[in-house]
Every structure is written in structure tokens, then in C-alpha cells.
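*Asks:* This one is query-v9.pdb, PDB, N, CA and C atoms.
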```
ATOM      1  N   THR A1365       0.849  -1.177   0.000
ATOM      2  CA  THR A1365       0.000   0.000   0.000
ATOM      3  C   THR A1365       0.891   1.235   0.000
ATOM      4  N   LEU A1366       0.512   2.210  -0.801
ATOM      5  CA  LEU A1366       1.298   3.434  -0.919
ATOM      6  C   LEU A1366       0.548   4.608  -0.312
ATOM      7  N   PRO A1367       1.265   5.523   0.323
ATOM      8  CA  PRO A1367       0.602   6.725   0.848
ATOM      9  C   PRO A1367       0.168   7.651  -0.286
ATOM     10  N   ILE A1368      -0.892   8.377  -0.044
ATOM     11  CA  ILE A1368      -1.434   9.294  -1.042
ATOM     12  C   ILE A1368      -0.797  10.685  -0.943
ATOM     13  N   ALA A1369      -0.019  10.927   0.092
ATOM     14  CA  ALA A1369       0.539  12.262   0.339
ATOM     15  C   ALA A1369       1.274  12.854  -0.869
ATOM     16  N   PRO A1370       2.130  12.112  -1.573
ATOM     17  CA  PRO A1370       2.807  12.719  -2.729
ATOM     18  C   PRO A1370       1.834  13.184  -3.809
ATOM     19  N   VAL A1371       0.771  12.431  -4.024
ATOM     20  CA  VAL A1371      -0.235  12.824  -5.015
ATOM     21  C   VAL A1371      -0.936  14.102  -4.570
ATOM     22  N   LEU A1372      -1.256  14.191  -3.291
ATOM     23  CA  LEU A1372      -1.919  15.387  -2.771
ATOM     24  C   LEU A1372      -1.044  16.625  -2.957
ATOM     25  N   LEU A1373       0.251  16.486  -2.774
ATOM     26  CA  LEU A1373       1.151  17.629  -2.966
ATOM     27  C   LEU A1373       1.138  18.100  -4.416
ATOM     28  N   ILE A1374       1.066  17.167  -5.337
ATOM     29  CA  ILE A1374       1.014  17.539  -6.754
ATOM     30  C   ILE A1374      -0.309  18.216  -7.076
ATOM     31  N   VAL A1375      -1.410  17.622  -6.643
ATOM     32  CA  VAL A1375      -2.731  18.206  -6.911
ATOM     33  C   VAL A1375      -2.843  19.575  -6.252
ATOM     34  N   ALA A1376      -2.335  19.708  -5.036
ATOM     35  CA  ALA A1376      -2.419  20.983  -4.313
ATOM     36  C   ALA A1376      -1.656  22.092  -5.019
ATOM     37  N   SER A1377      -0.663  21.737  -5.805
ATOM     38  CA  SER A1377       0.138  22.754  -6.496
ATOM     39  C   SER A1377      -0.577  23.338  -7.715
ATOM     40  N   LEU A1378      -1.707  22.772  -8.103
ATOM     41  CA  LEU A1378      -2.396  23.214  -9.317
ATOM     42  C   LEU A1378      -3.090  24.553  -9.156
ATOM     43  N   SER A1379      -3.656  24.809  -7.976
ATOM     44  CA  SER A1379      -4.377  26.068  -7.746
ATOM     45  C   SER A1379      -4.627  26.232  -6.251
ATOM     46  N   ALA A1380      -5.024  27.428  -5.860
ATOM     47  CA  ALA A1380      -5.334  27.689  -4.452
ATOM     48  C   ALA A1380      -6.518  26.843  -3.994
ATOM     49  N   HIS A1381      -7.508  26.675  -4.867
ATOM     50  CA  HIS A1381      -8.678  25.881  -4.489
ATOM     51  C   HIS A1381      -8.309  24.405  -4.328
ATOM     52  N   CYS A1382      -7.486  23.877  -5.229
ATOM     53  CA  CYS A1382      -7.022  22.496  -5.091
ATOM     54  C   CYS A1382      -6.238  22.330  -3.793
ATOM     55  N   ARG A1383      -5.436  23.316  -3.461
ATOM     56  CA  ARG A1383      -4.667  23.286  -2.215
ATOM     57  C   ARG A1383      -5.602  23.211  -1.019
ATOM     58  N   ALA A1384      -6.639  24.046  -1.003
ATOM     59  CA  ALA A1384      -7.599  24.044   0.106
ATOM     60  C   ALA A1384      -8.318  22.701   0.203
ATOM     61  N   LEU A1385      -8.702  22.148  -0.934
ATOM     62  CA  LEU A1385      -9.378  20.848  -0.927
ATOM     63  C   LEU A1385      -8.448  19.751  -0.421
ATOM     64  N   CYS A1386      -7.190  19.806  -0.795
ATOM     65  CA  CYS A1386      -6.225  18.813  -0.325
ATOM     66  C   CYS A1386      -5.998  18.933   1.175
ATOM     67  N   LEU A1387      -5.915  20.159   1.681
ATOM     68  CA  LEU A1387      -5.775  20.350   3.127
ATOM     69  C   LEU A1387      -6.996  19.808   3.867
ATOM     70  N   ASP A1388      -8.187  20.049   3.340
ATOM     71  CA  ASP A1388      -9.403  19.502   3.951
ATOM     72  C   ASP A1388      -9.374  17.978   3.951
ATOM     73  N   PHE A1389      -8.937  17.395   2.838
ATOM     74  CA  PHE A1389      -8.853  15.940   2.731
ATOM     75  C   PHE A1389      -7.854  15.385   3.745
ATOM     76  N   ILE A1390      -6.701  16.027   3.845
ATOM     77  CA  ILE A1390      -5.684  15.581   4.799
ATOM     78  C   ILE A1390      -6.236  15.629   6.217
ATOM     79  N   ASP A1391      -6.891  16.718   6.582
ATOM     80  CA  ASP A1391      -7.459  16.834   7.929
ATOM     81  C   ASP A1391      -8.484  15.734   8.199
ATOM     82  N   ALA A1392      -9.328  15.451   7.216
ATOM     83  CA  ALA A1392     -10.337  14.398   7.382
ATOM     84  C   ALA A1392      -9.674  13.028   7.516
ATOM     85  N   GLN A1393      -8.647  12.777   6.724
ATOM     86  CA  GLN A1393      -7.949  11.496   6.801
ATOM     87  C   GLN A1393      -7.229  11.328   8.135
ATOM     88  N   LEU A1394      -6.604  12.398   8.623
ATOM     89  CA  LEU A1394      -5.927  12.322   9.918
ATOM     90  C   LEU A1394      -6.917  12.017  11.035
ATOM     91  N   ALA A1395      -8.089  12.624  10.993
ATOM     92  CA  ALA A1395      -9.116  12.355  12.007
ATOM     93  C   ALA A1395      -9.583  10.902  11.922
ATOM     94  N   LEU A1396      -9.780  10.408  10.717
ATOM     95  CA  LEU A1396     -10.209   9.022  10.527
ATOM     96  C   LEU A1396      -9.137   8.049  11.006
ATOM     97  N   ILE A1397      -7.898   8.317  10.665
ATOM     98  CA  ILE A1397      -6.796   7.460  11.105
ATOM     99  C   ILE A1397      -6.712   7.445  12.627
ATOM    100  N   ASP A1398      -6.803   8.616  13.247
ATOM    101  CA  ASP A1398      -6.767   8.681  14.712
ATOM    102  C   ASP A1398      -7.883   7.842  15.328
ATOM    103  N   ALA A1399      -9.075   7.930  14.767
ATOM    104  CA  ALA A1399     -10.211   7.163  15.290
ATOM    105  C   ALA A1399      -9.972   5.663  15.142
ATOM    106  N   ARG A1400      -9.423   5.247  14.001
ATOM    107  CA  ARG A1400      -9.161   3.817  13.776
ATOM    108  C   ARG A1400      -8.076   3.311  14.725
ATOM    109  N   ILE A1401      -7.045   4.104  14.939
ATOM    110  CA  ILE A1401      -5.976   3.694  15.854
ATOM    111  C   ILE A1401      -6.510   3.601  17.277
ATOM    112  N   GLU A1402      -7.296   4.586  17.697
ATOM    113  CA  GLU A1402      -7.885   4.550  19.045
ATOM    114  C   GLU A1402      -8.758   3.311  19.224
ATOM    115  N   ALA A1403      -9.549   2.981  18.208
ATOM    116  CA  ALA A1403     -10.403   1.790  18.286
ATOM    117  C   ALA A1403      -9.557   0.525  18.396
ATOM    118  N   ALA A1404      -8.474   0.465  17.637
ATOM    119  CA  ALA A1404      -7.596  -0.700  17.694
ATOM    120  C   ALA A1404      -6.926  -0.813  19.057
ATOM    121  N   LEU A1405      -6.489   0.309  19.600
ATOM    122  CA  LEU A1405      -5.867   0.283  20.925
ATOM    123  C   LEU A1405      -6.857  -0.165  21.992
ATOM    124  N   ALA A1406      -8.096   0.253  21.860
ATOM    125  CA  ALA A1406      -9.123  -0.143  22.829
ATOM    126  C   ALA A1406      -9.389  -1.649  22.762
ATOM    127  N   ARG A1407      -9.264  -2.242  21.576
ATOM    128  CA  ARG A1407      -9.484  -3.688  21.425
ATOM    129  C   ARG A1407      -8.345  -4.497  22.034
ATOM    130  N   ARG A1408      -7.140  -3.927  22.049
ATOM    131  CA  ARG A1408      -5.953  -4.575  22.606
ATOM    132  C   ARG A1408      -5.681  -5.941  21.977
ATOM    133  N   ARG A1409      -5.772  -5.990  20.645
ATOM    134  CA  ARG A1409      -5.527  -7.243  19.933
ATOM    135  C   ARG A1409      -4.193  -7.160  19.202
ATOM    136  N   LEU A1410      -3.403  -8.198  19.350
ATOM    137  CA  LEU A1410      -2.093  -8.229  18.703
ATOM    138  C   LEU A1410      -2.198  -8.188  17.181
ATOM    139  N   ASP A1411      -3.253  -8.770  16.634
ATOM    140  CA  ASP A1411      -3.363  -8.793  15.175
ATOM    141  C   ASP A1411      -3.707  -7.426  14.585
ATOM    142  N   ASP A1412      -4.001  -6.425  15.427
ATOM    143  CA  ASP A1412      -4.219  -5.054  14.956
ATOM    144  C   ASP A1412      -2.902  -4.289  14.756
ATOM    145  N   ARG A1413      -1.830  -4.803  15.322
ATOM    146  CA  ARG A1413      -0.564  -4.057  15.292
ATOM    147  C   ARG A1413      -0.051  -3.725  13.893
ATOM    148  N   PRO A1414      -0.043  -4.672  12.955
ATOM    149  CA  PRO A1414       0.446  -4.306  11.615
ATOM    150  C   PRO A1414      -0.385  -3.194  10.970
ATOM    151  N   ALA A1415      -1.692  -3.261  11.142
ATOM    152  CA  ALA A1415      -2.560  -2.234  10.548
ATOM    153  C   ALA A1415      -2.344  -0.883  11.218
ATOM    154  N   THR A1416      -2.213  -0.871  12.541
ATOM    155  CA  THR A1416      -2.006   0.412  13.217
ATOM    156  C   THR A1416      -0.632   0.985  12.882
ATOM    157  N   ARG A1417       0.344   0.125  12.696
ATOM    158  CA  ARG A1417       1.680   0.596  12.294
ATOM    159  C   ARG A1417       1.595   1.253  10.911
ATOM    160  N   GLU A1418       0.867   0.611   9.991
ATOM    161  CA  GLU A1418       0.702   1.181   8.653
ATOM    162  C   GLU A1418      -0.078   2.499   8.715
ATOM    163  N   LEU A1419      -1.129   2.543   9.519
ATOM    164  CA  LEU A1419      -1.905   3.776   9.670
ATOM    165  C   LEU A1419      -1.054   4.903  10.242
ATOM    166  N   ARG A1420      -0.205   4.585  11.203
ATOM    167  CA  ARG A1420       0.684   5.615  11.765
ATOM    168  C   ARG A1420       1.640   6.150  10.699
ATOM    169  N   GLY A1421       2.121   5.265   9.838
ATOM    170  CA  GLY A1421       2.983   5.703   8.739
ATOM    171  C   GLY A1421       2.252   6.633   7.788
ATOM    172  N   PHE A1422       1.000   6.293   7.468
ATOM    173  CA  PHE A1422       0.192   7.166   6.613
ATOM    174  C   PHE A1422      -0.038   8.510   7.291
ATOM    175  N   ALA A1423      -0.325   8.471   8.590
ATOM    176  CA  ALA A1423      -0.570   9.720   9.325
ATOM    177  C   ALA A1423       0.675  10.600   9.314
ATOM    178  N   GLN A1424       1.843   9.998   9.484
ATOM    179  CA  GLN A1424       3.083  10.779   9.453
ATOM    180  C   GLN A1424       3.294  11.409   8.081
ATOM    181  N   ALA A1425       3.062  10.640   7.030
ATOM    182  CA  ALA A1425       3.226  11.170   5.672
ATOM    183  C   ALA A1425       2.225  12.290   5.405
ATOM    184  N   LEU A1426       0.981  12.106   5.838
ATOM    185  CA  LEU A1426      -0.035  13.142   5.652
ATOM    186  C   LEU A1426       0.303  14.396   6.450
ATOM    187  N   GLU A1427       0.787  14.224   7.664
ATOM    188  CA  GLU A1427       1.139  15.389   8.484
ATOM    189  C   GLU A1427       2.307  16.148   7.869
ATOM    190  N   ARG A1428       3.283  15.429   7.332
ATOM    191  CA  ARG A1428       4.395  16.108   6.646
ATOM    192  C   ARG A1428       3.877  16.876   5.433
ATOM    193  N   ALA A1429       2.990  16.264   4.667
ATOM    194  CA  ALA A1429       2.412  16.946   3.502
ATOM    195  C   ALA A1429       1.629  18.176   3.947
ATOM    196  N   ARG A1430       0.886  18.048   5.025
ATOM    197  CA  ARG A1430       0.110  19.176   5.564
ATOM    198  C   ARG A1430       1.036  20.332   5.924
ATOM    199  N   GLN A1431       2.144  20.021   6.589
ATOM    200  CA  GLN A1431       3.098  21.056   6.988
ATOM    201  C   GLN A1431       3.725  21.728   5.765
ATOM    202  N   VAL A1432       4.037  20.948   4.741
ATOM    203  CA  VAL A1432       4.584  21.518   3.502
ATOM    204  C   VAL A1432       3.571  22.470   2.879
ATOM    205  N   LEU A1433       2.314  22.045   2.808
ATOM    206  CA  LEU A1433       1.282  22.898   2.210
ATOM    207  C   LEU A1433       1.065  24.170   3.019
ATOM    208  N   LEU A1434       1.080  24.060   4.333
ATOM    209  CA  LEU A1434       0.881  25.244   5.172
ATOM    210  C   LEU A1434       2.061  26.211   5.079
ATOM    211  N   ALA A1435       3.245  25.680   4.814
ATOM    212  CA  ALA A1435       4.434  26.526   4.713
ATOM    213  C   ALA A1435       4.583  27.156   3.331
ATOM    214  N   THR A1436       3.807  26.671   2.375
ATOM    215  CA  THR A1436       3.883  27.161   1.004
ATOM    216  C   THR A1436       2.689  28.059   0.726
ATOM    217  N   PRO A1437       2.912  29.280   0.251
ATOM    218  CA  PRO A1437       1.765  30.150  -0.032
ATOM    219  C   PRO A1437       0.914  29.585  -1.169
ATOM    220  N   PRO A1438      -0.407  29.751  -1.066
ATOM    221  CA  PRO A1438      -1.274  29.257  -2.137
ATOM    222  C   PRO A1438      -1.094  30.068  -3.412
ATOM    223  N   ARG A1439      -1.343  29.434  -4.519
ATOM    224  CA  ARG A1439      -1.280  30.128  -5.806
ATOM    225  C   ARG A1439      -2.609  30.822  -6.036
ATOM    226  N   SER A1440      -2.546  32.037  -6.490
ATOM    227  CA  SER A1440      -3.776  32.813  -6.655
ATOM    228  C   SER A1440      -4.429  32.602  -8.014
ATOM    229  N   THR A1441      -3.707  32.041  -8.944
ATOM    230  CA  THR A1441      -4.270  31.814 -10.274
ATOM    231  C   THR A1441      -4.071  30.361 -10.661
ATOM    232  N   HIS A1442      -4.807  29.942 -11.672
ATOM    233  CA  HIS A1442      -4.630  28.590 -12.197
ATOM    234  C   HIS A1442      -3.264  28.521 -12.869
ATOM    235  N   THR A1443      -2.468  27.560 -12.471
ATOM    236  CA  THR A1443      -1.137  27.427 -13.041
ATOM    237  C   THR A1443      -1.034  26.214 -13.948
ATOM    238  N   HIS A1444      -2.056  25.437 -14.023
ATOM    239  CA  HIS A1444      -2.050  24.234 -14.838
ATOM    240  C   HIS A1444      -3.197  24.314 -15.832
ATOM    241  N   LEU A1445      -2.955  23.853 -17.015
ATOM    242  CA  LEU A1445      -3.947  23.907 -18.084
ATOM    243  C   LEU A1445      -5.285  23.297 -17.663
ATOM    244  N   ASN A1446      -5.252  22.224 -16.915
ATOM    245  CA  ASN A1446      -6.468  21.512 -16.528
ATOM    246  C   ASN A1446      -6.915  21.808 -15.103
ATOM    247  N   ALA A1447      -6.398  22.852 -14.482
ATOM    248  CA  ALA A1447      -6.728  23.130 -13.083
ATOM    249  C   ALA A1447      -8.230  23.288 -12.867
ATOM    250  N   ALA A1448      -8.909  24.009 -13.742
ATOM    251  CA  ALA A1448     -10.354  24.218 -13.563
ATOM    252  C   ALA A1448     -11.117  22.900 -13.649
ATOM    253  N   ALA A1449     -10.742  22.037 -14.568
ATOM    254  CA  ALA A1449     -11.405  20.738 -14.699
ATOM    255  C   ALA A1449     -11.125  19.860 -13.483
ATOM    256  N   ILE A1450      -9.901  19.910 -12.984
ATOM    257  CA  ILE A1450      -9.546  19.125 -11.802
ATOM    258  C   ILE A1450     -10.300  19.643 -10.586
ATOM    259  N   GLU A1451     -10.388  20.959 -10.438
ATOM    260  CA  GLU A1451     -11.171  21.534  -9.338
ATOM    261  C   GLU A1451     -12.620  21.077  -9.415
ATOM    262  N   ALA A1452     -13.197  21.104 -10.609
ATOM    263  CA  ALA A1452     -14.591  20.675 -10.782
ATOM    264  C   ALA A1452     -14.753  19.222 -10.357
ATOM    265  N   TRP A1453     -13.830  18.377 -10.760
ATOM    266  CA  TRP A1453     -13.906  16.964 -10.403
ATOM    267  C   TRP A1453     -13.793  16.789  -8.890
ATOM    268  N   LEU A1454     -12.839  17.483  -8.266
ATOM    269  CA  LEU A1454     -12.668  17.377  -6.815
ATOM    270  C   LEU A1454     -13.886  17.892  -6.056
ATOM    271  N   ASP A1455     -14.545  18.897  -6.618
ATOM    272  CA  ASP A1455     -15.747  19.462  -5.998
ATOM    273  C   ASP A1455     -17.002  18.653  -6.300
ATOM    274  N   GLY A1456     -16.902  17.680  -7.185
ATOM    275  CA  GLY A1456     -18.066  16.903  -7.566
ATOM    276  C   GLY A1456     -18.977  17.625  -8.536
ATOM    277  N   ARG A1457     -18.417  18.643  -9.204
ATOM    278  CA  ARG A1457     -19.185  19.377 -10.214
ATOM    279  C   ARG A1457     -19.008  18.711 -11.568
ATOM    280  N   PRO A1458     -19.953  18.928 -12.482
ATOM    281  CA  PRO A1458     -19.787  18.377 -13.833
ATOM    282  C   PRO A1458     -18.514  18.915 -14.485
ATOM    283  N   ALA A1459     -17.860  18.071 -15.239
ATOM    284  CA  ALA A1459     -16.606  18.467 -15.901
ATOM    285  C   ALA A1459     -16.816  19.601 -16.887
ATOM    286  N   THR A1460     -18.044  19.787 -17.348
ATOM    287  CA  THR A1460     -18.310  20.869 -18.291
ATOM    288  C   THR A1460     -18.406  22.213 -17.595
ATOM    289  N   ASP A1461     -18.577  22.201 -16.275
ATOM    290  CA  ASP A1461     -18.657  23.439 -15.487
ATOM    291  C   ASP A1461     -17.238  23.830 -15.097
ATOM    292  N   LEU A1462     -16.571  24.569 -15.954
ATOM    293  CA  LEU A1462     -15.165  24.876 -15.736
ATOM    294  C   LEU A1462     -14.927  26.254 -15.141
ATOM    295  N   GLN A1463     -15.929  26.834 -14.520
ATOM    296  CA  GLN A1463     -15.731  28.109 -13.835
ATOM    297  C   GLN A1463     -14.919  27.853 -12.573
ATOM    298  N   PRO A1464     -13.889  28.656 -12.298
ATOM    299  CA  PRO A1464     -13.113  28.463 -11.074
ATOM    300  C   PRO A1464     -14.007  28.576  -9.847
ATOM    301  N   ALA A1465     -13.688  27.770  -8.855
ATOM    302  CA  ALA A1465     -14.469  27.782  -7.610
ATOM    303  C   ALA A1465     -14.120  28.971  -6.755
TER
END
```
Show me the file's structure as C-alpha cells.
*Replies:*
Amino acid sequence: TLPIAPVLLIVASLSAHCRALCLDFIDAQLALIDARIEAALARRRLDDRPATRELRGFAQALERARQVLLATPPRSTHTHLNAAAIEAWLDGRPATDLQPA
């Protein structure tokens, strides 16, 4: 299994809106990971250890990506040819609706 953090850094670099969406996604994933780890710790089962170790690794990668994004100023304009289409897809809007968010 591979962490998604490198992909999020690339997508976040496309526009300020993509960056904001990636930060929201990272925050949601960190909360979910924390909840899963807490549940595993409460169960106190040895067979949960590999999964919690992997989740901790994902959380570390996501937190590093979050820190990189927070330390980097957002781009105020679309810098990628397909940024508007990617924003629409991330927002769940039709691909034909290419107005910036």
C-alpha cells in the first residue's frame, strides 16, 4: 500500500482551491486514522498491530504533507492547463462546469 501524500502535494500545487481541498482531505484522513488507531488500541488485539503501524505511517506522511502545504503560499491563479477541470472533479461538479471555484 502506498501513501497518497505525494499525489496530494502535486494536486495541491495546481491552484489555491485544489490546495484548500487537499488540506481539507488531509485533515479528514488524519481524524479518521486517529479514530481507527484509538479503536484498535481499545481492542488490545495483537493482530491489529500491523494495521495500526501502517496507519501511523500514513498519518506521518499526511502530516508532513500538511506542513509543507501550510508553509507554502497558495497560488492565486490557475497554473495548470487543466486546473479548472480538476477543481470541478474534486468538488463533484460536472466536468463541463469549468468556472473556477
*Asks:* Any chance you could resolve the PyMOL selection byres (((chain A and resi 1454 and name CA) around 12) and name CA) against this file and give the residues as an mmCIF file with N, CA and C atoms, in the frame of the given file?
*Replies:*
```cif
data_model
loop_
_atom_site.group_PDB
_atom_site.id
_atom_site.type_symbol
_atom_site.label_atom_id
_atom_site.label_comp_id
_atom_site.auth_asym_id
_atom_site.auth_seq_id
_atom_site.Cartn_x
_atom_site.Cartn_y
_atom_site.Cartn_z
ATOM 1 N N LEU A 1372 -1.256 14.191 -3.291
ATOM 2 C CA LEU A 1372 -1.919 15.387 -2.771
ATOM 3 C C LEU A 1372 -1.044 16.625 -2.957
ATOM 4 N N VAL A 1375 -1.410 17.622 -6.643
ATOM 5 C CA VAL A 1375 -2.731 18.206 -6.911
ATOM 6 C C VAL A 1375 -2.843 19.575 -6.252
ATOM 7 N N ALA A 1376 -2.335 19.708 -5.036
ATOM 8 C CA ALA A 1376 -2.419 20.983 -4.313
ATOM 9 C C ALA A 1376 -1.656 22.092 -5.019
ATOM 10 N N HIS A 1381 -7.508 26.675 -4.867
ATOM 11 C CA HIS A 1381 -8.678 25.881 -4.489
ATOM 12 C C HIS A 1381 -8.309 24.405 -4.328
ATOM 13 N N CYS A 1382 -7.486 23.877 -5.229
ATOM 14 C CA CYS A 1382 -7.022 22.496 -5.091
ATOM 15 C C CYS A 1382 -6.238 22.330 -3.793
ATOM 16 N N ARG A 1383 -5.436 23.316 -3.461
ATOM 17 C CA ARG A 1383 -4.667 23.286 -2.215
ATOM 18 C C ARG A 1383 -5.602 23.211 -1.019
ATOM 19 N N ALA A 1384 -6.639 24.046 -1.003
ATOM 20 C CA ALA A 1384 -7.599 24.044 0.106
ATOM 21 C C ALA A 1384 -8.318 22.701 0.203
ATOM 22 N N LEU A 1385 -8.702 22.148 -0.934
ATOM 23 C CA LEU A 1385 -9.378 20.848 -0.927
ATOM 24 C C LEU A 1385 -8.448 19.751 -0.421
ATOM 25 N N CYS A 1386 -7.190 19.806 -0.795
ATOM 26 C CA CYS A 1386 -6.225 18.813 -0.325
ATOM 27 C C CYS A 1386 -5.998 18.933 1.175
ATOM 28 N N ASP A 1388 -8.187 20.049 3.340
ATOM 29 C CA ASP A 1388 -9.403 19.502 3.951
ATOM 30 C C ASP A 1388 -9.374 17.978 3.951
ATOM 31 N N PHE A 1389 -8.937 17.395 2.838
ATOM 32 C CA PHE A 1389 -8.853 15.940 2.731
ATOM 33 C C PHE A 1389 -7.854 15.385 3.745
ATOM 34 N N ALA A 1447 -6.398 22.852 -14.482
ATOM 35 C CA ALA A 1447 -6.728 23.130 -13.083
ATOM 36 C C ALA A 1447 -8.230 23.288 -12.867
ATOM 37 N N ALA A 1448 -8.909 24.009 -13.742
ATOM 38 C CA ALA A 1448 -10.354 24.218 -13.563
ATOM 39 C C ALA A 1448 -11.117 22.900 -13.649
ATOM 40 N N ALA A 1449 -10.742 22.037 -14.568
ATOM 41 C CA ALA A 1449 -11.405 20.738 -14.699
ATOM 42 C C ALA A 1449 -11.125 19.860 -13.483
ATOM 43 N N ILE A 1450 -9.901 19.910 -12.984
ATOM 44 C CA ILE A 1450 -9.546 19.125 -11.802
ATOM 45 C C ILE A 1450 -10.300 19.643 -10.586
ATOM 46 N N GLU A 1451 -10.388 20.959 -10.438
ATOM 47 C CA GLU A 1451 -11.171 21.534 -9.338
ATOM 48 C C GLU A 1451 -12.620 21.077 -9.415
ATOM 49 N N ALA A 1452 -13.197 21.104 -10.609
ATOM 50 C CA ALA A 1452 -14.591 20.675 -10.782
ATOM 51 C C ALA A 1452 -14.753 19.222 -10.357
ATOM 52 N N TRP A 1453 -13.830 18.377 -10.760
ATOM 53 C CA TRP A 1453 -13.906 16.964 -10.403
ATOM 54 C C TRP A 1453 -13.793 16.789 -8.890
ATOM 55 N N ASP A 1455 -14.545 18.897 -6.618
ATOM 56 C CA ASP A 1455 -15.747 19.462 -5.998
ATOM 57 C C ASP A 1455 -17.002 18.653 -6.300
ATOM 58 N N GLY A 1456 -16.902 17.680 -7.185
ATOM 59 C CA GLY A 1456 -18.066 16.903 -7.566
ATOM 60 C C GLY A 1456 -18.977 17.625 -8.536
ATOM 61 N N ARG A 1457 -18.417 18.643 -9.204
ATOM 62 C CA ARG A 1457 -19.185 19.377 -10.214
ATOM 63 C C ARG A 1457 -19.008 18.711 -11.568
ATOM 64 N N PRO A 1458 -19.953 18.928 -12.482
ATOM 65 C CA PRO A 1458 -19.787 18.377 -13.833
ATOM 66 C C PRO A 1458 -18.514 18.915 -14.485
ATOM 67 N N ALA A 1459 -17.860 18.071 -15.239
ATOM 68 C CA ALA A 1459 -16.606 18.467 -15.901
ATOM 69 C C ALA A 1459 -16.816 19.601 -16.887
ATOM 70 N N LEU A 1462 -16.571 24.569 -15.954
ATOM 71 C CA LEU A 1462 -15.165 24.876 -15.736
ATOM 72 C C LEU A 1462 -14.927 26.254 -15.141
ATOM 73 N N PRO A 1464 -13.889 28.656 -12.298
ATOM 74 C CA PRO A 1464 -13.113 28.463 -11.074
ATOM 75 C C PRO A 1464 -14.007 28.576 -9.847
ATOM 76 N N ALA A 1465 -13.688 27.770 -8.855
ATOM 77 C CA ALA A 1465 -14.469 27.782 -7.610
ATOM 78 C C ALA A 1465 -14.120 28.971 -6.755
#
```
*Asks:* Name every residue that the PyMOL selection byres (((chain A and resi 1390 and name CA) around 12) and name CA) selects in this structure, writing the answer as a PyMOL selection string with chains first and numbers rising.
*Replies:* chain A and resi 1367-1373+1376+1383-1389+1391-1397+1422-1434
*Asks:* So how many Å separate atom N of Arg1439 in chain A and CA of Leu1366 in chain A, to one decimal?
*Replies:*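 Interatomic distance, atom N of Arg1439 in chain A to CA of Leu1366 in chain A: 26.4 Å.
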*Asks:* One decimal, in Å: what's the spacing between CA of Asp1398 in chain A and atom C of Asp1412 in chain A?
*Replies:* 13.5 Å
*Asks:* CA of Thr1416 in chain A and CA of Glu1402 in chain A, how far apart in Å?
*Replies:*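 Atom-to-atom, CA of Glu1402 in chain A and CA of Thr1416 in chain A are spaced 9.3 Å apart.
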*Asks:* Run DSSP on the backbone and grab whatever in range 1412-1453 of chain A lands in helix (DSSP H, G or I); send it over as a compact mmCIF listing (two decimals) with N, CA and C atoms, in the frame of the given file.
*Replies:*
```
# COMPACT_ATOMS: atom_id res chain seq x y z
N ASP A 1412 -4.00 -6.42 15.43
CA ASP A 1412 -4.22 -5.05 14.96
C ASP A 1412 -2.90 -4.29 14.76
N ARG A 1413 -1.83 -4.80 15.32
CA ARG A 1413 -0.56 -4.06 15.29
C ARG A 1413 -0.05 -3.72 13.89
N PRO A 1414 -0.04 -4.67 12.96
CA PRO A 1414 0.45 -4.31 11.62
C PRO A 1414 -0.38 -3.19 10.97
N ALA A 1415 -1.69 -3.26 11.14
CA ALA A 1415 -2.56 -2.23 10.55
C ALA A 1415 -2.34 -0.88 11.22
N THR A 1416 -2.21 -0.87 12.54
CA THR A 1416 -2.01 0.41 13.22
C THR A 1416 -0.63 0.98 12.88
N ARG A 1417 0.34 0.12 12.70
CA ARG A 1417 1.68 0.60 12.29
C ARG A 1417 1.60 1.25 10.91
N GLU A 1418 0.87 0.61 9.99
CA GLU A 1418 0.70 1.18 8.65
C GLU A 1418 -0.08 2.50 8.72
N LEU A 1419 -1.13 2.54 9.52
CA LEU A 1419 -1.90 3.78 9.67
C LEU A 1419 -1.05 4.90 10.24
N ARG A 1420 -0.20 4.58 11.20
CA ARG A 1420 0.68 5.62 11.76
C ARG A 1420 1.64 6.15 10.70
N GLY A 1421 2.12 5.26 9.84
CA GLY A 1421 2.98 5.70 8.74
C GLY A 1421 2.25 6.63 7.79
N PHE A 1422 1.00 6.29 7.47
CA PHE A 1422 0.19 7.17 6.61
C PHE A 1422 -0.04 8.51 7.29
N ALA A 1423 -0.32 8.47 8.59
CA ALA A 1423 -0.57 9.72 9.32
C ALA A 1423 0.68 10.60 9.31
N GLN A 1424 1.84 10.00 9.48
CA GLN A 1424 3.08 10.78 9.45
C GLN A 1424 3.29 11.41 8.08
N ALA A 1425 3.06 10.64 7.03
CA ALA A 1425 3.23 11.17 5.67
C ALA A 1425 2.22 12.29 5.40
N LEU A 1426 0.98 12.11 5.84
CA LEU A 1426 -0.04 13.14 5.65
C LEU A 1426 0.30 14.40 6.45
N GLU A 1427 0.79 14.22 7.66
CA GLU A 1427 1.14 15.39 8.48
C GLU A 1427 2.31 16.15 7.87
N ARG A 1428 3.28 15.43 7.33
CA ARG A 1428 4.39 16.11 6.65
C ARG A 1428 3.88 16.88 5.43
N ALA A 1429 2.99 16.26 4.67
CA ALA A 1429 2.41 16.95 3.50
C ALA A 1429 1.63 18.18 3.95
N ARG A 1430 0.89 18.05 5.03
CA ARG A 1430 0.11 19.18 5.56
C ARG A 1430 1.04 20.33 5.92
N GLN A 1431 2.14 20.02 6.59
CA GLN A 1431 3.10 21.06 6.99
C GLN A 1431 3.72 21.73 5.76
N VAL A 1432 4.04 20.95 4.74
CA VAL A 1432 4.58 21.52 3.50
C VAL A 1432 3.57 22.47 2.88
N LEU A 1433 2.31 22.04 2.81
CA LEU A 1433 1.28 22.90 2.21
C LEU A 1433 1.06 24.17 3.02
N LEU A 1434 1.08 24.06 4.33
CA LEU A 1434 0.88 25.24 5.17
C LEU A 1434 2.06 26.21 5.08
N ALA A 1435 3.24 25.68 4.81
CA ALA A 1435 4.43 26.53 4.71
C ALA A 1435 4.58 27.16 3.33
N ALA A 1447 -6.40 22.85 -14.48
CA ALA A 1447 -6.73 23.13 -13.08
C ALA A 1447 -8.23 23.29 -12.87
N ALA A 1448 -8.91 24.01 -13.74
CA ALA A 1448 -10.35 24.22 -13.56
C ALA A 1448 -11.12 22.90 -13.65
N ALA A 1449 -10.74 22.04 -14.57
CA ALA A 1449 -11.40 20.74 -14.70
C ALA A 1449 -11.12 19.86 -13.48
N ILE A 1450 -9.90 19.91 -12.98
CA ILE A 1450 -9.55 19.12 -11.80
C ILE A 1450 -10.30 19.64 -10.59
N GLU A 1451 -10.39 20.96 -10.44
CA GLU A 1451 -11.17 21.53 -9.34
C GLU A 1451 -12.62 21.08 -9.41
N ALA A 1452 -13.20 21.10 -10.61
CA ALA A 1452 -14.59 20.68 -10.78
C ALA A 1452 -14.75 19.22 -10.36
N TRP A 1453 -13.83 18.38 -10.76
CA TRP A 1453 -13.91 16.96 -10.40
C TRP A 1453 -13.79 16.79 -8.89
```
